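Report on the following structure.
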Amino acid sequence: MKISRLLLSFILFTAVLTAGAASPKENYFNKKGFAWGLGLCSAIDMTGEGMSSIDIDGYFGYKNSFFQALGIGASINMALSNSSRSYPIYAIIRTSFSTTPKLLFFEIRGGISTNELYSYTTQTGLYLHPSVGIRLASGKSWSSHFTLGYKFISRKDFSYDEGIYRCPDLSMGVVGIGISF
């Protein structure tokens, strides 16, 4: 019985010592300066327009202990069921509202989107994309994350050879994964 208590005490003591050593003091979240990142998203059209898409995006800007991203970015949104594309250009803010690293964070992207609709017309509309994210893993100079959000893209009706095409605004549920450096 004494040996098992001694062994248990040694294991607990070793675990406490190595737990502190496993988390480096210098990590992605306490560095400030230039930041950039890439993401891949799947957007599900909730308006019934058949505009569900695969999105590829990138951004660059500034980061510090409060803002994990404060900058500008661009995206390519490729519709899965037709030839439509959207090209948003946006400002991005990502923060956990704390100067210490947190598991959850909030992100908002806002700007304009150039929309190529059904190979008939190109127009520009409002782009808004708020998300909630979860940090997956991080190292000394990088951090990966998973996001769940909403995307809004405004569109206008347009005319073509056969008449006027009614083109409602898009509302989409978005799931994404990304990495920041």
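Following the order of the structure tokens, chains are lettered A, B, ..., residues in each are numbered from 1, and ligands are numbered from 1.
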Fill in: Which of chain A DSSP labels strand (DSSP E), written as a PyMOL selection string
chain A and resi 33-45+53-63+67-79+85-95+104-117+121-138+143-153+158-160+163-165+170-180
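Of the listed residues (A:Lys31, A:Arg85, A:Lys63, A:Arg94), A:Arg85 comes nearest to Tyr120 (chain A); the distances count only C-alpha atoms.
Residue nearest Gly37 (chain A) within the list A:Gly149, A:Pro168, A:Pro88, A:Gly178: A:Gly178 [criterion: smallest interatomic distance, only C-alpha atoms].
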Region 16-99 of chain A: which residues are helix (DSSP H, G or I) by DSSP, as a PDB file with C-alpha atoms, in the first residue's frame?
ATOM      1  CA  VAL A  16       2.502  18.775 -12.563  1.00  0.00           C
ATOM      2  CA  LEU A  17       6.101  19.527 -13.561  1.00  0.00           C
ATOM      3  CA  THR A  18       5.710  18.426 -17.182  1.00  0.00           C
ATOM      4  CA  ALA A  19       2.352  20.215 -17.640  1.00  0.00           C
ATOM      5  CA  GLY A  20       4.050  23.559 -17.090  1.00  0.00           C
ATOM      6  CA  ALA A  21       6.856  22.646 -19.458  1.00  0.00           C
ATOM      7  CA  ALA A  22       4.443  21.548 -22.193  1.00  0.00           C
ATOM      8  CA  TYR A  28       0.890  32.539 -31.472  1.00  0.00           C
ATOM      9  CA  PHE A  29      -1.474  34.509 -29.230  1.00  0.00           C
ATOM     10  CA  ASN A  30       1.030  36.725 -27.439  1.00  0.00           C
TER      11      ASN A  30
END
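Minimum distance to His129 (chain A) across A:Thr99, A:Val174, A:Ser86, A:Leu70 (counting only C-alpha atoms) occurs at A:Val174.
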